[in-house]
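Have a look at work-v8.csv below; it lists CSV, C-alpha atoms.
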chain,number,residue,atom,x,y,z
A,699,MET,CA,6.1,3.8,5.6
A,700,LEU,CA,9.1,1.9,6.9
A,701,PRO,CA,12.3,4.0,6.4
A,702,ALA,CA,15.7,2.2,6.3
A,703,VAL,CA,18.6,3.0,8.5
A,704,ALA,CA,20.5,6.1,7.5
A,705,ASN,CA,24.0,4.5,7.4
A,706,GLU,CA,25.0,1.9,4.8
A,707,SER,CA,26.1,-0.9,7.1
A,708,GLU,CA,26.7,-4.5,6.3
A,709,VAL,CA,23.6,-5.4,8.2
A,710,ASN,CA,20.7,-6.7,6.0
A,711,ARG,CA,17.6,-6.9,8.1
A,712,ALA,CA,14.4,-8.5,6.7
A,713,ILE,CA,10.9,-9.2,7.7
A,714,VAL,CA,10.1,-12.8,6.9
A,715,GLN,CA,7.1,-15.0,7.1
A,716,GLN,CA,7.9,-18.0,9.3
A,717,SER,CA,4.5,-19.6,9.6
A,718,PHE,CA,1.3,-19.6,7.6
A,719,GLY,CA,-2.4,-19.2,8.0
A,720,GLY,CA,-2.4,-16.5,10.7
A,721,GLU,CA,-2.4,-12.8,11.1
A,722,ALA,CA,0.6,-10.8,9.9
A,723,VAL,CA,1.6,-9.6,13.4
A,724,ASP,CA,1.8,-13.2,14.5
A,725,VAL,CA,3.5,-14.9,11.6
A,726,LEU,CA,6.2,-12.3,10.6
A,727,GLN,CA,9.5,-11.8,12.3
A,728,LEU,CA,12.4,-9.4,11.9
A,729,VAL,CA,15.6,-11.4,11.1
A,730,LEU,CA,19.2,-10.7,10.1
A,731,LYS,CA,20.2,-12.2,6.7
A,732,LYS,CA,23.7,-13.6,6.6
A,733,LYS,CA,24.9,-11.0,4.2
A,734,LYS,CA,24.0,-8.4,1.7
A,735,PRO,CA,23.3,-9.4,-1.9
A,736,LYS,CA,26.0,-8.8,-4.6
A,737,ALA,CA,25.2,-7.3,-8.0
A,738,SER,CA,25.5,-10.0,-10.6
A,739,PRO,CA,25.9,-9.0,-14.3
A,740,GLY,CA,22.9,-7.0,-15.6
A,741,HIS,CA,21.7,-6.4,-12.0
A,742,VAL,CA,22.0,-3.7,-9.3
A,743,VAL,CA,21.7,-3.9,-5.5
A,744,VAL,CA,19.2,-1.4,-4.2
A,745,ARG,CA,19.4,-0.1,-0.6
A,746,LEU,CA,15.7,0.4,0.3
A,747,THR,CA,15.0,3.7,2.0
A,748,CYS,CA,11.2,3.6,2.3
A,749,ARG,CA,8.7,0.7,2.2
A,750,ASN,CA,5.0,1.0,1.8
A,751,VAL,CA,2.6,-1.0,3.9
A,752,MET,CA,-0.8,-1.6,2.2
A,753,PRO,CA,-3.9,-3.7,2.8
A,754,TYR,CA,-3.0,-6.0,0.0
A,755,ASP,CA,0.2,-7.0,1.8
A,756,PHE,CA,-2.0,-8.6,4.5
A,757,THR,CA,-4.1,-10.3,1.8
A,758,LEU,CA,-1.0,-12.1,0.5
A,759,ILE,CA,0.2,-13.0,3.9
A,760,ARG,CA,-3.2,-14.3,4.9
A,761,ASP,CA,-3.8,-16.3,1.7
A,762,CYS,CA,-0.2,-17.6,1.4
A,763,HIS,CA,-0.4,-18.0,-2.4
A,764,LEU,CA,-0.9,-16.2,-5.6
A,765,GLU,CA,-0.8,-16.9,-9.3
A,766,PRO,CA,1.9,-14.5,-10.4
A,767,THR,CA,2.8,-15.6,-13.9
A,768,LYS,CA,1.9,-18.1,-16.6
A,769,GLU,CA,5.5,-19.4,-16.4
A,770,HIS,CA,5.5,-20.2,-12.7
A,771,GLY,CA,1.8,-21.1,-12.2
A,772,PRO,CA,0.4,-21.0,-8.6
A,773,ILE,CA,3.1,-20.3,-6.1
A,774,GLU,CA,2.7,-21.4,-2.5
A,775,PHE,CA,4.7,-19.4,0.1
A,776,GLU,CA,5.4,-22.7,1.8
A,777,SER,CA,7.4,-23.9,-1.2
A,778,VAL,CA,9.5,-20.7,-1.6
A,779,ARG,CA,13.2,-21.4,-1.4
A,780,ARG,CA,15.8,-18.8,-1.7
A,781,SER,CA,19.6,-18.9,-1.3
A,782,ASP,CA,21.1,-21.8,0.6
A,783,GLU,CA,22.3,-19.4,3.3
A,784,ASP,CA,18.9,-17.9,4.0
A,785,ARG,CA,16.6,-20.7,3.0
A,786,ASP,CA,15.5,-21.4,6.6
A,787,LEU,CA,14.5,-17.8,7.3
A,788,GLY,CA,11.3,-17.8,5.2
A,789,PRO,CA,10.2,-15.5,2.4
A,790,VAL,CA,10.8,-11.8,2.7
A,791,VAL,CA,7.4,-10.1,2.3
A,792,GLY,CA,6.3,-6.6,1.2
A,793,LEU,CA,5.0,-5.4,-2.1
A,794,GLU,CA,6.5,-2.0,-2.8
A,795,ALA,CA,9.4,0.3,-1.9
A,796,CYS,CA,11.9,2.8,-3.2
A,797,GLY,CA,15.6,3.2,-2.6
A,798,VAL,CA,19.0,4.1,-4.0
A,799,VAL,CA,21.4,2.1,-6.2
A,800,HIS,CA,24.0,0.7,-3.8
A,801,GLU,CA,26.0,-1.5,-6.2
A,802,VAL,CA,26.1,-1.8,-10.0
A,803,GLY,CA,26.8,-5.1,-11.8
A,804,ALA,CA,28.7,-5.6,-15.0
A,805,GLY,CA,26.8,-4.6,-18.1
A,806,VAL,CA,24.4,-2.2,-16.4
A,807,THR,CA,24.3,1.0,-18.6
A,808,LYS,CA,21.2,2.9,-17.5
A,809,LEU,CA,21.7,3.2,-13.8
A,810,LYS,CA,24.4,4.7,-11.6
A,811,LEU,CA,25.5,4.5,-7.9
A,812,GLY,CA,23.4,6.7,-5.6
A,813,GLN,CA,20.5,7.1,-8.1
A,814,ARG,CA,17.0,7.1,-6.6
A,815,VAL,CA,15.0,4.2,-8.0
A,816,ILE,CA,11.8,2.2,-7.7
A,817,PRO,CA,12.3,-1.6,-7.9
A,818,ASN,CA,9.4,-3.5,-9.5
A,819,LEU,CA,9.4,-6.5,-7.1
A,820,LEU,CA,6.0,-8.1,-7.3
A,821,TRP,CA,6.0,-10.6,-10.1
A,822,LYS,CA,9.7,-11.7,-10.4
A,823,TYR,CA,11.1,-11.2,-6.9
A,824,LEU,CA,8.4,-11.5,-4.2
A,825,PHE,CA,7.1,-14.4,-6.4
A,826,PRO,CA,8.7,-16.9,-6.8
A,827,LYS,CA,11.9,-15.9,-5.1
A,828,GLY,CA,10.5,-14.7,-1.8
A,829,GLU,CA,12.5,-11.4,-2.1
A,830,GLY,CA,10.0,-8.7,-1.2
A,831,ALA,CA,10.3,-5.1,-0.1
A,832,TRP,CA,10.5,-5.3,3.6
A,833,GLN,CA,14.3,-5.6,3.9
A,834,ASP,CA,17.4,-3.4,3.7
A,835,TYR,CA,18.9,-4.6,0.4
A,836,VAL,CA,17.6,-6.4,-2.7
A,837,GLU,CA,19.2,-7.4,-5.9
A,838,VAL,CA,17.1,-6.5,-9.0
A,839,ALA,CA,17.7,-6.8,-12.8
A,840,GLU,CA,18.3,-3.4,-14.5
A,841,ASP,CA,15.2,-3.9,-16.6
A,842,ASP,CA,13.0,-4.2,-13.5
A,843,ILE,CA,14.2,-0.8,-12.1
A,844,ILE,CA,12.3,2.4,-12.6
A,845,PRO,CA,14.3,5.6,-12.2
A,846,CYS,CA,12.5,7.7,-9.5
A,847,PRO,CA,10.9,10.8,-11.1
A,848,ASP,CA,12.4,14.1,-10.1
A,849,GLY,CA,10.4,16.1,-7.5
A,850,ILE,CA,8.6,13.3,-5.8
A,851,SER,CA,9.3,12.2,-2.2
A,852,ASP,CA,10.2,8.8,-1.0
A,853,ALA,CA,6.7,8.6,0.5
A,854,ILE,CA,5.1,8.9,-2.9
A,855,ALA,CA,7.8,6.8,-4.7
A,856,SER,CA,7.3,3.9,-2.3
A,857,GLN,CA,3.7,3.6,-3.4
A,858,LEU,CA,3.9,4.9,-7.0
A,859,LEU,CA,3.3,1.6,-8.8
A,860,LEU,CA,0.7,-0.3,-6.8
A,861,ASN,CA,-1.3,2.7,-5.5
A,862,GLU,CA,-0.8,5.8,-7.6
A,863,CYS,CA,-0.6,4.0,-11.0
A,864,ALA,CA,-3.3,1.6,-9.9
A,865,PHE,CA,-6.1,4.1,-9.2
A,866,TYR,CA,-5.2,6.0,-12.4
A,867,GLY,CA,-5.0,2.9,-14.5
A,868,ALA,CA,-8.3,1.3,-13.2
A,869,LEU,CA,-10.3,4.5,-13.7
A,870,LEU,CA,-8.7,5.0,-17.2
A,871,ASP,CA,-9.6,1.5,-18.3
A,872,LEU,CA,-13.2,1.8,-17.3
A,873,LYS,CA,-13.6,4.5,-20.0
A,874,ILE,CA,-16.4,6.3,-18.2
A,875,PRO,CA,-17.7,9.3,-20.2
A,876,LYS,CA,-17.8,12.7,-18.7
A,877,GLY,CA,-21.0,13.3,-16.7
A,878,GLN,CA,-21.6,9.5,-16.1
A,879,TRP,CA,-21.6,7.8,-12.7
A,880,LEU,CA,-18.9,5.6,-11.0
A,881,LEU,CA,-19.6,3.7,-7.9
A,882,GLN,CA,-16.8,2.5,-5.6
A,883,THR,CA,-16.3,0.7,-2.3
A,884,ALA,CA,-13.6,1.4,0.3
A,885,ALA,CA,-14.0,5.1,-0.6
A,886,ASN,CA,-11.9,6.3,2.3
A,887,SER,CA,-8.8,4.3,1.4
A,888,ASN,CA,-5.9,6.2,-0.2
A,889,PHE,CA,-6.9,4.5,-3.5
A,890,GLY,CA,-10.5,5.5,-3.1
A,891,ARG,CA,-9.8,9.1,-2.1
A,892,GLN,CA,-7.6,9.6,-5.1
A,893,VAL,CA,-10.3,8.1,-7.4
A,894,ILE,CA,-12.7,10.7,-6.1
A,895,GLN,CA,-10.2,13.5,-6.9
A,896,LEU,CA,-9.3,12.2,-10.3
A,897,ALA,CA,-12.9,11.5,-11.2
A,898,LYS,CA,-13.8,15.1,-10.3
A,899,HIS,CA,-11.0,16.4,-12.5
A,900,TRP,CA,-12.2,14.3,-15.4
A,901,GLY,CA,-15.9,15.3,-14.9
A,902,ILE,CA,-17.0,11.8,-13.7
A,903,LYS,CA,-19.6,11.7,-10.9
A,904,THR,CA,-19.0,9.4,-8.0
A,905,ILE,CA,-21.1,7.4,-5.6
A,906,ASN,CA,-18.9,6.2,-2.7
A,907,LEU,CA,-19.8,3.4,-0.3
A,908,ILE,CA,-18.6,3.6,3.3
A,909,ARG,CA,-19.5,1.8,6.6
A,910,ARG,CA,-18.9,4.7,8.9
A,911,GLY,CA,-21.2,7.7,8.5
A,912,GLU,CA,-18.8,10.2,10.0
A,913,LEU,CA,-16.6,9.9,6.9
A,914,ALA,CA,-19.3,11.4,4.6
A,915,ASP,CA,-18.6,15.1,5.1
A,916,ASP,CA,-14.8,14.6,4.6
A,917,LEU,CA,-15.3,12.7,1.3
A,918,LYS,CA,-17.8,15.3,0.0
A,919,ALA,CA,-15.3,18.0,0.8
A,920,LEU,CA,-12.8,16.0,-1.3
A,921,GLY,CA,-15.1,16.0,-4.3
A,922,ALA,CA,-17.4,13.0,-3.8
A,923,ASP,CA,-20.8,13.7,-5.3
A,924,GLU,CA,-22.7,11.1,-3.2
A,925,VAL,CA,-21.8,9.0,-0.2
A,926,ILE,CA,-23.8,6.0,1.0
A,927,ASN,CA,-23.4,4.1,4.3
A,928,TYR,CA,-23.9,0.5,3.1
A,929,THR,CA,-24.5,-0.8,6.6
A,930,THR,CA,-27.5,1.4,7.3
A,931,GLU,CA,-29.0,2.3,3.8
A,932,ASP,CA,-30.5,0.5,0.9
A,933,VAL,CA,-27.7,0.9,-1.5
A,934,VAL,CA,-29.4,-0.3,-4.7
A,935,GLU,CA,-32.5,1.7,-4.2
A,936,LYS,CA,-30.6,4.9,-3.3
A,937,VAL,CA,-28.3,4.4,-6.4
A,938,LYS,CA,-31.4,4.1,-8.6
A,939,LYS,CA,-32.8,7.3,-7.1
A,940,ILE,CA,-29.6,9.2,-7.6
A,941,THR,CA,-29.2,8.1,-11.2
A,942,GLY,CA,-32.8,8.4,-12.2
A,943,GLY,CA,-33.2,4.7,-12.5
A,944,LYS,CA,-30.3,4.2,-14.9
A,945,ARG,CA,-27.9,2.9,-12.3
A,946,VAL,CA,-24.1,3.6,-12.6
A,947,TYR,CA,-22.1,3.4,-15.8
A,948,ALA,CA,-19.3,1.4,-14.0
A,949,ALA,CA,-18.0,0.4,-10.6
A,950,MET,CA,-14.9,-0.6,-8.7
A,951,ASP,CA,-15.0,-2.9,-5.7
A,952,ALA,CA,-12.1,-3.3,-3.3
A,953,VAL,CA,-14.0,-5.1,-0.5
A,954,THR,CA,-15.4,-8.2,-2.2
A,955,GLY,CA,-17.5,-10.8,-0.4
A,956,THR,CA,-21.2,-10.3,-0.3
A,957,LEU,CA,-20.8,-6.5,-0.9
A,958,THR,CA,-19.9,-7.3,-4.5
A,959,LYS,CA,-23.4,-8.6,-5.1
A,960,THR,CA,-24.8,-5.2,-4.0
A,961,VAL,CA,-22.3,-3.3,-6.2
A,962,ALA,CA,-23.1,-5.4,-9.3
A,963,ALA,CA,-26.8,-4.7,-8.8
A,964,CYS,CA,-26.0,-1.0,-9.0
A,965,VAL,CA,-24.3,-1.2,-12.4
A,966,GLN,CA,-26.3,-0.5,-15.6
A,967,ASN,CA,-27.0,-3.2,-18.2
A,968,GLU,CA,-23.8,-4.2,-20.1
A,969,GLY,CA,-21.8,-2.1,-17.6
A,970,GLN,CA,-18.4,-3.0,-16.1
A,971,LEU,CA,-17.4,-3.9,-12.5
A,972,PHE,CA,-13.7,-4.1,-11.7
A,973,ILE,CA,-12.6,-6.0,-8.7
A,974,VAL,CA,-9.6,-3.9,-7.4
A,975,GLY,CA,-8.9,-5.5,-4.0
A,976,GLU,CA,-9.7,-8.3,-1.6
A,977,ILE,CA,-10.3,-6.7,1.8
A,978,SER,CA,-12.9,-9.3,2.8
A,979,GLY,CA,-11.2,-12.2,1.1
A,980,SER,CA,-10.9,-13.8,-2.3
A,981,ASP,CA,-14.5,-14.9,-2.8
A,982,VAL,CA,-17.2,-12.7,-4.4
A,983,LEU,CA,-20.9,-13.1,-4.6
A,984,ILE,CA,-22.8,-12.2,-7.8
A,985,SER,CA,-26.5,-12.6,-8.7
A,986,THR,CA,-27.3,-14.4,-11.9
A,987,GLU,CA,-29.8,-11.6,-12.5
A,988,ASP,CA,-26.9,-9.2,-13.0
A,989,LEU,CA,-25.0,-11.6,-15.2
A,990,ILE,CA,-28.1,-11.9,-17.3
A,991,ARG,CA,-28.3,-8.1,-17.5
A,992,GLY,CA,-24.8,-8.3,-19.1
A,993,VAL,CA,-22.9,-6.8,-16.1
A,994,SER,CA,-19.2,-7.7,-16.7
A,995,VAL,CA,-17.3,-8.6,-13.6
A,996,SER,CA,-13.5,-8.9,-13.9
A,997,TYR,CA,-10.4,-8.6,-11.7
A,998,TRP,CA,-8.5,-5.5,-12.8
A,999,LYS,CA,-4.8,-6.3,-12.7
A,1000,VAL,CA,-2.3,-3.6,-11.9
A,1001,GLU,CA,0.3,-5.3,-14.1
A,1002,SER,CA,-1.7,-4.0,-17.1
A,1003,VAL,CA,-0.1,-0.6,-16.4
A,1004,ILE,CA,3.1,-1.4,-14.5
A,1005,MET,CA,4.4,-4.2,-16.7
A,1006,ALA,CA,3.0,-3.0,-20.0
A,1007,GLU,CA,4.2,-0.8,-22.8
A,1008,ARG,CA,2.2,2.1,-21.5
A,1009,ARG,CA,3.9,2.1,-18.1
A,1010,ASP,CA,6.2,5.0,-18.7
A,1011,GLN,CA,3.4,7.2,-20.0
A,1012,VAL,CA,1.2,6.2,-17.1
A,1013,ILE,CA,3.9,7.1,-14.6
A,1014,LYS,CA,4.5,10.4,-16.4
A,1015,ASP,CA,0.7,11.2,-16.3
A,1016,VAL,CA,0.4,10.3,-12.6
A,1017,VAL,CA,3.5,12.4,-11.6
A,1018,ARG,CA,2.0,15.4,-13.4
A,1019,LEU,CA,-1.3,14.9,-11.5
A,1020,LEU,CA,0.7,14.8,-8.2
A,1021,GLU,CA,2.8,17.8,-9.1
A,1022,ASP,CA,-0.3,19.8,-10.1
A,1023,LYS,CA,-2.0,18.7,-6.8
A,1024,VAL,CA,-5.0,17.3,-8.8
A,1025,VAL,CA,-4.7,14.3,-6.6
A,1026,ILE,CA,-3.2,14.4,-3.1
A,1027,PRO,CA,-2.3,11.1,-1.4
A,1028,ILE,CA,-2.7,10.5,2.3
A,1029,PHE,CA,0.5,10.0,4.2
A,1030,TRP,CA,0.3,8.4,7.7
A,1031,LYS,CA,3.1,7.7,10.2
A,1032,ASN,CA,6.6,6.6,9.5
A,1033,PHE,CA,8.1,3.7,11.3
A,1034,GLU,CA,11.5,2.1,11.5
A,1035,LEU,CA,11.8,-1.4,10.1
A,1036,THR,CA,12.1,-2.7,13.7
A,1037,GLN,CA,8.7,-1.2,14.5
A,1038,PHE,CA,6.9,-3.3,11.8
A,1039,LYS,CA,4.2,-4.5,14.3
A,1040,GLU,CA,3.3,-1.0,15.2
A,1041,ALA,CA,3.2,-0.1,11.5
A,1042,PHE,CA,0.7,-3.0,10.9
A,1043,LYS,CA,-1.5,-1.8,13.7
A,1044,GLU,CA,-1.6,1.7,12.2
A,1045,VAL,CA,-2.5,0.4,8.8
A,1046,GLN,CA,-5.3,-1.8,10.2
A,1047,ASN,CA,-6.6,0.9,12.6
A,1048,PRO,CA,-10.4,1.2,12.0
A,1049,LYS,CA,-10.1,5.0,12.0
A,1050,ARG,CA,-7.9,4.9,8.9
A,1051,CYS,CA,-9.5,1.9,7.3
A,1052,GLY,CA,-10.8,2.5,3.7
A,1053,GLN,CA,-14.4,1.7,4.6
Now that the file is in, can you turn its structure into C-alpha cells?
Amino acid sequence: MLPAVANESEVNRAIVQQSFGGEAVDVLQLVLKKKKPKASPGHVVVRLTCRNVMPYDFTLIRDCHLEPTKEHGPIEFESVRRSDEDRDLGPVVGLEACGVVHEVGAGVTKLKLGQRVIPNLLWKYLFPKGEGAWQDYVEVAEDDIIPCPDGISDAIASQLLLNECAFYGALLDLKIPKGQWLLQTAANSNFGRQVIQLAKHWGIKTINLIRRGELADDLKALGADEVINYTTEDVVEKVKKITGGKRVYAAMDAVTGTLTKTVAACVQNEGQLFIVGEISGSDVLISTEDLIRGVSVSYWKVESVIMAERRDQVIKDVVRLLEDKVVIPIFWKNFELTQFKEAFKEVQNPKRCGQ
C-alpha cells in the first residue's frame, strides 16, 4: 500500500509512465503536477490516502494498452493526453485506491467533505484520461464514487473493487455446486488465498496449483483440499486421480501462457475455465482436444461486478464476509508514495508471489 501524506498541502505528487516497453521500476517516475484538480459540477476531488499495488498494475504498464470500453476502443498509453498543463508528464498509473472527499462540486448531493470513499478509476479515468490511482488528488464524477463501508480499513478499501469483489464475483459466476471441485492457479496470491477460504465456506473443494512446494502446508492450513506443484508433478494425471477420473467442475487461471493448456485439460467436459489474470502475458495456449470436449474458455471481467447493477449487493456481501472473518486478506508492507520503487520490489518478491 502507498499511503498519502498526512497534511492536505497544495502539492499534487503523481507516479507517471514516461517511457514504454520496459519494466515498471525503469519507466515510472515521481513528478509534481502543476496544481491540484478543481471540482467541476457533478464531481468531487478525492485526496487519496491509500493506494493498492497489484500484479495487474505491472501487466498494464508492460503491455501499454487495453481495450477499456466500446466507446473508446483500444487505448494506447502513448496516445494519452491529459490537461495542457500536465500533458508532458505522461499518464498517471495505478488501478485502485481509497481516500476522502477534499472538495465538492456544484450539484453533488450524495457526498460530503471528509467522507471516506472509493473512486472507481479504471474504465473512465485511467483509460482514456491517464488519471490513475498513484497520485495525491484526483477529480471523479459523483456517480463513480463508492462510499467506503463502515468498519473496513483503508488497507481493505484500497483493494475492495479489483481484489475483494473480484475473487467473490468470479467464484460466484462459476456456479460450482457444493461438493464439486475447483482448480486454480496462482493459489498463494491474495486473490487465490481468498478463493480457498470462500470455497471452503461454500462447500466447494479446491485443487491449487503452485510452483514452490514449501507453500503447500500453509495453503492446506488455510483450507485448501489439494495442492499440486505444477513444476514437478503431472498435474493432469494427479487431478484425474483426485477426482476419480471426472476432472474438475470448473477452473480459474491467473497465470496464462502454456499453463492454461494444462488447466483446460483438467476441466470436465462442458466445464468452464475463467481467465482471471495475465501474470505470464496476454497469450494463452489451448488444445483443440479440450475445445472439442466443450471446455469453455473465457476472460472473466471484473466490471461485471463493479460496474453492474449488482455492484452494491456484491460489496455488501464481501464486507460481511470480511467482517465475519470468513475470508482474511493478506496485508504486506506500507510505503510512502516516494518509495514506489521499494513497493514494486516488495510486490514482485518471489517469496510473496502468487505461485
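Here CA of Thr807 in chain A is placed at a distance of 18.2 Å from CA of Pro847 in chain A.
Pairwise distance (CA of Val1024 in chain A, CA of Arg749 in chain A) equals 24.2 Å.
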Selection: 10 Å around Val1003 in chain A, only C-alpha atoms, excl. self and same-chain fewer than 2 positions, as a list in words:
Leu859, Leu860, Cys863, Ala864, Tyr866, Gly867, Ala868, Asp871, Lys999, Val1000, Glu1001, Met1005, Ala1006, Glu1007, Arg1008, Arg1009, Asp1010, Gln1011, Val1012 and Ile1013 of chain A
Write out, as an mmCIF file, in the frame of the given file, the residues just selected, with C-alpha atoms.
data_model
loop_
_atom_site.group_PDB
_atom_site.id
_atom_site.type_symbol
_atom_site.label_atom_id
_atom_site.label_comp_id
_atom_site.auth_asym_id
_atom_site.auth_seq_id
_atom_site.Cartn_x
_atom_site.Cartn_y
_atom_site.Cartn_z
ATOM 1 C CA LEU A 859 3.300 1.600 -8.800
ATOM 2 C CA LEU A 860 0.700 -0.300 -6.800
ATOM 3 C CA CYS A 863 -0.600 4.000 -11.000
ATOM 4 C CA ALA A 864 -3.300 1.600 -9.900
ATOM 5 C CA TYR A 866 -5.200 6.000 -12.400
ATOM 6 C CA GLY A 867 -5.000 2.900 -14.500
ATOM 7 C CA ALA A 868 -8.300 1.300 -13.200
ATOM 8 C CA ASP A 871 -9.600 1.500 -18.300
ATOM 9 C CA LYS A 999 -4.800 -6.300 -12.700
ATOM 10 C CA VAL A 1000 -2.300 -3.600 -11.900
ATOM 11 C CA GLU A 1001 0.300 -5.300 -14.100
ATOM 12 C CA MET A 1005 4.400 -4.200 -16.700
ATOM 13 C CA ALA A 1006 3.000 -3.000 -20.000
ATOM 14 C CA GLU A 1007 4.200 -0.800 -22.800
ATOM 15 C CA ARG A 1008 2.200 2.100 -21.500
ATOM 16 C CA ARG A 1009 3.900 2.100 -18.100
ATOM 17 C CA ASP A 1010 6.200 5.000 -18.700
ATOM 18 C CA GLN A 1011 3.400 7.200 -20.000
ATOM 19 C CA VAL A 1012 1.200 6.200 -17.100
ATOM 20 C CA ILE A 1013 3.900 7.100 -14.600
#
Students should find that CA of Gln882 in chain A and CA of Val961 in chain A are spaced 8.0 Å
Around the point (-30.0, 5.2, -7.3), in the coordinates given by the file, pick out the residues reaching within 12 Å, counting all atoms listed in the file, and return them as a ChimeraX atom specification. /A:879-881,904-905,924-926,931-947,961,963-966
